[in-house]
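Undergrad: My structure is stored as input27.tsv, with TSV, C-alpha atoms.
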```tsv
chain	number	residue	atom	x	y	z
A	678	MET	CA	91.99	89.65	74.95
A	679	PHE	CA	93.99	92.53	76.39
A	680	SER	CA	93.11	91.68	79.97
A	681	VAL	CA	94.55	88.21	79.35
A	682	LEU	CA	97.77	89.75	78.06
A	683	ARG	CA	98.07	91.91	81.19
A	684	GLY	CA	97.81	88.88	83.47
A	685	LEU	CA	100.27	86.50	81.70
A	686	PRO	CA	103.60	88.08	82.79
A	687	ARG	CA	102.59	87.71	86.42
A	688	ALA	CA	102.92	83.97	86.07
A	689	LEU	CA	106.47	84.36	84.76
A	690	GLY	CA	107.24	86.67	87.69
A	691	SER	CA	106.08	84.06	90.22
A	692	ALA	CA	108.25	81.34	88.65
A	693	ALA	CA	111.29	83.60	88.88
A	694	ALA	CA	110.63	84.62	92.50
A	695	GLY	CA	112.60	81.66	93.85
A	696	LEU	CA	115.77	82.86	92.12
A	697	ARG	CA	115.94	86.13	94.03
A	698	VAL	CA	118.72	86.57	96.53
A	699	SER	CA	117.58	87.61	100.00
A	700	ALA	CA	118.42	91.19	100.94
A	701	PRO	CA	118.57	93.05	104.26
A	702	ALA	CA	115.23	94.25	105.63
A	703	PRO	CA	114.33	97.74	104.34
A	704	THR	CA	114.37	100.71	106.66
A	705	LEU	CA	111.14	102.43	107.64
A	706	ARG	CA	112.11	105.26	105.36
A	707	GLN	CA	111.79	102.89	102.37
A	708	LEU	CA	108.45	101.38	103.38
A	709	LEU	CA	106.36	103.29	100.86
A	710	GLN	CA	108.30	101.70	98.01
A	711	PRO	CA	107.20	98.04	97.85
A	712	ALA	CA	109.71	95.36	96.94
A	713	PRO	CA	110.20	95.21	93.14
A	714	ARG	CA	107.79	92.84	91.52
A	715	PRO	CA	107.96	91.26	88.06
A	716	SER	CA	106.53	93.20	85.15
A	717	LEU	CA	102.76	92.83	85.09
A	718	ARG	CA	101.98	94.46	81.77
A	719	PRO	CA	101.85	92.82	78.33
A	720	PHE	CA	104.45	94.77	76.38
A	721	GLY	CA	107.12	92.11	76.84
A	722	LEU	CA	104.89	89.61	75.05
A	723	LEU	CA	104.78	91.55	71.80
A	724	SER	CA	106.86	90.18	68.95
A	725	VAL	CA	107.80	91.70	65.62
A	726	SER	CA	108.83	89.53	62.70
A	727	ALA	CA	112.38	90.11	61.58
A	728	GLY	CA	112.88	92.13	58.43
A	729	PRO	CA	115.87	92.45	56.09
A	730	PRO	CA	119.22	93.40	57.68
A	731	ARG	CA	119.51	97.12	58.37
A	732	ARG	CA	122.17	99.11	56.56
A	733	PRO	CA	124.25	101.72	58.44
A	734	GLY	CA	122.40	105.02	58.57
A	735	LEU	CA	119.12	103.53	57.30
A	736	LEU	CA	117.19	104.70	60.38
A	737	GLN	CA	118.56	108.25	60.33
A	738	PRO	CA	115.89	110.66	59.04
A	739	THR	CA	117.24	112.58	56.05
A	740	GLY	CA	114.39	115.06	55.70
A	741	PRO	CA	110.74	115.70	56.54
A	742	CYS	CA	108.87	112.56	57.56
A	743	ALA	CA	106.96	110.92	54.72
A	744	CYS	CA	103.80	110.90	56.85
A	745	GLY	CA	103.57	114.68	56.51
A	746	CYS	CA	103.98	115.58	60.19
A	747	GLY	CA	106.79	117.96	59.24
A	748	LEU	CA	108.93	116.96	62.23
A	749	GLY	CA	111.55	114.96	60.37
A	750	ALA	CA	111.06	112.30	63.04
A	751	LEU	CA	111.66	108.58	62.75
A	752	HIS	CA	108.41	106.79	61.89
A	753	THR	CA	108.63	103.06	61.15
A	754	GLU	CA	106.08	100.38	60.32
A	755	GLY	CA	106.73	99.01	63.79
A	756	ASP	CA	105.85	102.38	65.32
A	757	LYS	CA	102.64	102.46	63.30
A	758	ALA	CA	101.66	98.98	64.48
A	759	PHE	CA	102.56	99.95	68.06
A	760	VAL	CA	100.31	103.03	67.93
A	761	GLU	CA	97.44	100.95	66.53
A	762	PHE	CA	97.89	98.42	69.35
A	763	LEU	CA	97.96	101.17	71.99
A	764	THR	CA	94.83	102.75	70.54
A	765	ASP	CA	92.94	99.47	70.90
A	766	GLU	CA	94.43	98.81	74.35
A	767	ILE	CA	93.39	102.23	75.67
A	768	LYS	CA	89.88	101.71	74.31
A	769	GLU	CA	89.57	98.32	76.03
A	770	GLU	CA	91.00	99.56	79.33
A	771	LYS	CA	88.55	102.46	79.42
A	772	LYS	CA	85.74	100.04	78.66
A	773	ILE	CA	86.50	97.89	81.75
A	774	GLN	CA	87.37	100.85	84.01
A	775	LYS	CA	85.10	100.65	87.07
A	776	HIS	CA	85.67	104.15	88.45
A	777	LYS	CA	85.89	107.25	86.26
A	778	SER	CA	86.75	109.19	89.42
A	779	LEU	CA	88.47	107.91	92.56
A	780	PRO	CA	86.09	106.32	95.11
A	781	LYS	CA	85.71	108.03	98.48
A	782	MET	CA	86.75	106.48	101.78
A	783	SER	CA	84.17	106.30	104.57
A	784	GLY	CA	85.03	107.65	108.00
A	785	GLY	CA	85.82	111.25	107.13
A	786	TRP	CA	89.21	110.64	105.49
A	787	GLU	CA	90.59	113.44	103.31
A	788	LEU	CA	92.46	112.26	100.22
A	789	GLU	CA	95.58	113.85	98.74
A	790	VAL	CA	97.11	112.40	95.57
A	791	ASP	CA	100.54	113.19	94.15
A	792	GLY	CA	101.15	110.99	91.11
A	793	THR	CA	101.38	107.40	92.32
A	794	GLU	CA	101.45	108.35	96.02
A	795	ALA	CA	98.26	108.88	97.98
A	796	LYS	CA	97.73	110.19	101.51
A	797	LEU	CA	94.64	109.84	103.69
A	798	VAL	CA	94.31	112.23	106.63
A	799	ARG	CA	91.85	112.15	109.51
A	800	LYS	CA	91.72	114.22	112.70
A	801	VAL	CA	89.85	112.94	115.73
A	802	ALA	CA	89.92	113.74	119.46
A	803	GLY	CA	93.23	115.59	119.48
A	804	GLU	CA	95.00	113.14	117.17
A	805	LYS	CA	96.05	113.32	113.54
A	806	ILE	CA	96.07	109.99	111.71
A	807	THR	CA	97.83	109.84	108.34
A	808	VAL	CA	97.88	106.82	106.04
A	809	THR	CA	100.29	106.93	103.09
A	810	PHE	CA	100.67	104.42	100.24
A	811	ASN	CA	102.17	104.17	96.75
A	812	ILE	CA	100.53	102.18	93.93
A	813	ASN	CA	103.79	101.38	92.10
A	814	ASN	CA	104.42	97.59	92.01
A	815	SER	CA	101.27	97.04	94.07
A	816	ILE	CA	99.57	94.37	91.94
A	817	PRO	CA	100.73	90.93	93.12
A	818	PRO	CA	100.98	87.86	90.87
A	819	THR	CA	97.85	85.68	91.02
A	820	LEU	CA	98.77	82.31	89.50
A	821	ASP	CA	102.08	80.56	89.04
A	822	ILE	CA	102.93	78.73	85.82
A	823	GLU	CA	101.92	75.28	87.13
A	824	GLU	CA	98.54	76.49	88.39
A	825	GLN	CA	97.89	78.36	85.17
A	826	SER	CA	98.67	75.28	83.09
A	827	SER	CA	96.46	73.02	85.20
A	828	GLU	CA	93.53	75.45	84.96
A	829	GLY	CA	93.56	75.12	81.18
A	830	GLN	CA	90.38	76.25	79.51
A	831	LYS	CA	88.85	77.23	82.84
A	832	GLY	CA	91.54	79.84	83.36
A	833	GLU	CA	90.84	81.33	79.95
A	834	GLU	CA	87.13	81.66	80.59
A	835	GLN	CA	87.44	83.23	84.05
A	836	GLU	CA	90.24	85.79	84.20
A	837	PRO	CA	91.45	86.90	87.65
A	838	GLU	CA	90.56	90.48	88.55
A	839	LEU	CA	93.51	92.82	89.00
A	840	THR	CA	93.65	94.35	92.47
A	841	SER	CA	96.19	96.73	93.98
A	842	THR	CA	97.30	95.85	97.53
A	843	PRO	CA	100.03	98.32	98.46
A	844	ASN	CA	101.99	98.50	101.68
A	845	PHE	CA	100.74	101.43	103.74
A	846	VAL	CA	102.22	103.42	106.60
A	847	VAL	CA	100.10	104.75	109.45
A	848	GLU	CA	101.31	107.78	111.41
A	849	VAL	CA	99.55	108.78	114.63
A	850	THR	CA	100.43	112.18	116.09
A	851	LYS	CA	99.12	113.70	119.32
A	852	SER	CA	98.23	117.40	119.14
A	853	ASP	CA	100.73	118.29	121.85
A	854	GLY	CA	103.26	115.51	121.25
A	855	LYS	CA	106.82	115.63	119.96
A	856	LYS	CA	106.80	112.04	118.76
A	857	THR	CA	104.81	110.28	116.05
A	858	LEU	CA	103.93	106.59	116.28
A	859	VAL	CA	104.65	104.95	112.91
A	860	LEU	CA	103.22	101.56	111.93
A	861	ASP	CA	104.22	99.79	108.72
A	862	CYS	CA	101.31	97.66	107.47
A	863	HIS	CA	101.15	95.01	104.74
A	864	TYR	CA	98.23	93.12	103.23
A	865	SER	CA	98.17	89.46	104.20
A	866	GLU	CA	98.58	87.06	101.30
A	867	ASP	CA	95.41	85.33	100.06
A	868	GLU	CA	93.26	87.23	102.56
A	869	VAL	CA	91.97	90.15	100.48
A	870	GLY	CA	88.39	89.56	99.44
A	871	GLU	CA	88.10	86.26	101.32
A	872	GLU	CA	84.70	85.75	102.95
A	873	GLU	CA	85.22	82.36	104.58
A	874	GLU	CA	87.33	83.75	107.39
A	875	ALA	CA	85.49	86.99	108.03
A	876	GLU	CA	87.02	87.46	111.46
A	877	SER	CA	90.65	87.30	110.34
A	878	ASP	CA	92.62	90.47	109.64
A	879	ILE	CA	93.33	91.13	105.97
A	880	PHE	CA	96.37	93.23	106.83
A	881	SER	CA	99.14	92.96	109.39
A	882	ILE	CA	101.58	95.24	111.19
A	883	LYS	CA	105.18	94.51	110.23
A	884	GLU	CA	107.16	97.21	112.05
A	885	VAL	CA	106.53	99.91	114.65
A	886	SER	CA	108.70	102.87	115.64
A	887	PHE	CA	108.66	106.42	116.99
A	888	GLN	CA	109.80	109.31	114.82
A	889	ALA	CA	110.14	113.01	115.58
A	890	THR	CA	106.93	114.87	114.72
A	891	GLY	CA	107.29	117.13	111.70
A	892	GLU	CA	110.55	115.56	110.49
A	893	SER	CA	110.52	114.81	106.77
A	894	GLU	CA	113.39	112.35	107.13
A	895	TRP	CA	112.98	109.34	109.41
A	896	LYS	CA	116.06	108.38	111.37
A	897	ASP	CA	117.39	104.85	110.99
A	898	THR	CA	118.94	105.17	114.44
A	899	ASN	CA	115.49	105.17	116.10
A	900	TYR	CA	114.52	101.81	117.54
A	901	THR	CA	112.25	99.79	115.23
A	902	LEU	CA	110.12	96.97	116.60
A	903	ASN	CA	109.69	94.02	114.25
A	904	THR	CA	106.46	92.15	114.99
A	905	ASP	CA	107.68	88.75	113.75
A	906	SER	CA	108.89	87.89	117.25
A	907	LEU	CA	106.41	90.03	119.16
A	908	ASP	CA	104.21	88.76	121.98
A	909	TRP	CA	100.74	88.16	120.54
A	910	ALA	CA	99.00	90.03	123.36
A	911	LEU	CA	100.98	93.18	122.55
A	912	TYR	CA	100.36	92.69	118.82
A	913	ASP	CA	96.60	92.37	119.40
A	914	HIS	CA	96.60	95.61	121.38
A	915	LEU	CA	98.38	97.36	118.48
A	916	MET	CA	95.74	96.09	116.04
A	917	ASP	CA	92.97	97.25	118.41
A	918	PHE	CA	94.73	100.62	118.64
A	919	LEU	CA	94.44	100.99	114.85
A	920	ALA	CA	90.85	99.73	114.77
A	921	ASP	CA	89.83	102.33	117.37
A	922	ARG	CA	91.12	104.96	114.94
A	923	GLY	CA	89.17	103.63	111.98
A	924	ILE	CA	91.86	101.42	110.46
A	925	ASP	CA	90.24	97.99	110.35
A	926	ASN	CA	89.18	95.42	107.74
A	927	THR	CA	86.52	97.77	106.33
A	928	PHE	CA	89.14	100.48	105.90
A	929	ALA	CA	91.57	97.99	104.34
A	930	ASP	CA	88.94	96.80	101.84
A	931	GLU	CA	88.10	100.37	100.84
A	932	LEU	CA	91.81	101.14	100.51
A	933	VAL	CA	92.18	98.24	98.05
A	934	GLU	CA	89.30	99.65	95.97
A	935	LEU	CA	90.82	103.14	96.04
A	936	SER	CA	94.31	101.92	95.23
A	937	THR	CA	93.06	99.69	92.41
A	938	ALA	CA	91.13	102.60	90.86
A	939	LEU	CA	94.18	104.87	91.13
A	940	GLU	CA	96.50	102.24	89.65
A	941	HIS	CA	94.16	101.66	86.70
A	942	GLN	CA	93.82	105.40	86.16
A	943	GLU	CA	97.60	105.82	86.11
A	944	TYR	CA	97.98	102.83	83.76
A	945	ILE	CA	95.59	104.34	81.21
A	946	THR	CA	97.39	107.68	81.46
A	947	PHE	CA	100.69	105.88	80.89
A	948	LEU	CA	99.33	104.18	77.76
A	949	GLU	CA	98.08	107.52	76.43
A	950	ASP	CA	101.46	109.16	77.10
A	951	LEU	CA	103.25	106.24	75.45
A	952	LYS	CA	101.02	106.51	72.38
A	953	SER	CA	101.72	110.25	72.11
A	954	PHE	CA	105.47	109.62	72.52
A	955	ILE	CA	105.57	106.95	69.80
A	956	LYS	CA	103.58	109.17	67.43
A	957	SER	CA	105.94	112.11	68.17
A	958	GLN	CA	103.11	114.57	67.57
```
Give the structure from this file in structure tokens form.

TA:
Amino acid sequence: MFSVLRGLPRALGSAAAGLRVSAPAPTLRQLLQPAPRPSLRPFGLLSVSAGPPRRPGLLQPTGPCACGCGLGALHTEGDKAFVEFLTDEIKEEKKIQKHKSLPKMSGGWELEVDGTEAKLVRKVAGEKITVTFNINNSIPPTLDIEEQSSEGQKGEEQEPELTSTPNFVVEVTKSDGKKTLVLDCHYSEDEVGEEEEAESDIFSIKEVSFQATGESEWKDTNYTLNTDSLDWALYDHLMDFLADRGIDNTFADELVELSTALEHQEYITFLEDLKSFIKSQ
């Protein structure tokens, strides 16, 4: 039941996508923050029946809370129902959680996690390869409203699995170099998990640039190559360059699994924090 609720708002987000106004292309510095996506969680679907009109000052606590917590905090029937819902939701999410701990990446990658941002680091033959991604807004919509309606009962019986496909940035630094090669990579739509076209790439390179090694701030004045109009021979060599350094379809599939596990972990933590906040205890 709760998994169905989590999936429904994606359909609304897809229907609204056509109303967005096009914006200038983001700079490389903004690449780790994916474009805002519609809300994917079920809280917007909750409804509370209207009660009698509120009188001025009715919600202001006048003394210790009647529940006995001693905090004098505001506790309503709506808060109580919300906490009960969150308790059940947390229980269900933990029940379907595939990974209690984050899965490991093959290929000798070292993982560093800071909240919603993760960094994979690998050193090989005088090079340092760093892959950085952020799981915020990384779950794409799966079905639009028309498709969901046409699926009918079939859609209810077989719920789509939530997967996190974040943009990721690859940085390649030579041990004695002053410049770092930066490649902005995105997952290709409808390619993740597909087995029919095993030879196709499930991710693509969107932009390439050089940045000063060790600089925390990337300069917008540095030339950035957009691959939309790039010669395919050059593009293929860039993809081979990444594959030679362990960033291929196998890596991309494992990154999806890692990102999905991290996103689900953070979602459960958020629900637990929200429950504690509503309870005010």

Undergrad: Using all atoms listed in the file, what does the table of stretch 904-931 of chain A residues within 10 Å of stretch 774-798 of chain A look like, with each row giving the shortest atom pair and its distance in Å to one decimal, sorted by chain and ascending number, as a tab-separated table?

TA:
```
residue	atom	partner	partner_atom	distance
A:Arg922	CA	A:Gly784	CA	9.6
A:Gly923	CA	A:Gly784	CA	7.0
A:Ile924	CA	A:Gly784	CA	9.6
A:Thr927	CA	A:Ser783	CA	9.0
A:Phe928	CA	A:Met782	CA	7.7
A:Asp930	CA	A:Met782	CA	9.9
A:Glu931	CA	A:Met782	CA	6.3
```

Undergrad: Between A:Ser953, A:Thr937, A:Thr857, A:Thr946, which one has atoms that come closest to A:Asn813, using all atoms listed in the file?

TA: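 For A:Asn813, the nearest of the candidates is A:Thr937.
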
Undergrad: I'd like the neighbourhood of A:Glu940 as a PyMOL selection string, where a residue qualifies if any of its atoms comes within 9 Å (using only C-alpha atoms), though same-chain residues fewer than 4 positions away should be ignored.

TA: chain A and resi 793+812-813+815-816+840-841+935-936+944-945

Undergrad: Enclose the full set of atoms of stretch 786-790 of chain A listed in the file within a box whose edges lie along x, y and z, apply 3 Å of padding to each of the six sides, and report centre and edge lengths in Å to one decimal as AutoDock Vina command-line options.

TA:
```
--center_x 93.2 --center_y 112.2 --center_z 100.5 --size_x 13.9 --size_y 9.2 --size_z 15.9
```

Undergrad: Do you have the atom CA of A:Ala929-atom CA of A:Asp853 distance handy?

TA: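 Atom CA of A:Asp853 lies at a distance of 28.3 Å from atom CA of A:Ala929.
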
Undergrad: Measuring between all atoms listed in the file, which one of A:Glu894, A:Glu754, A:Glu866, A:Asp905 shows the shortest distance to A:Ile882?

TA: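 Nearest to A:Ile882: A:Asp905.
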
Undergrad: How far is it from atom CA of A:Ala758 to atom CA of A:Asn814, in Å with one decimal?

TA: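 Straight-line distance from atom CA of A:Ala758 to atom CA of A:Asn814 works out to 27.7 Å.
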
Undergrad: Enter the distance from atom CA of A:Cys862 to atom CA of A:Asn899, in Å, rounded to one decimal.

TA: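 About the pair atom CA of A:Cys862 and atom CA of A:Asn899: they are 18.2 Å apart.
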
Undergrad: Using all atoms listed in the file, which of the listed residues (A:Asp878, A:Lys952, A:Thr809, A:Ser957) sits closest to A:Leu763?

TA: A:Lys952

Undergrad: Please determine, counting all atoms listed in the file, which residue among A:Lys800, A:Asp925, A:Val885, A:Ile806 has the shortest atom-to-atom distance to A:Leu911.

TA: A:Val885
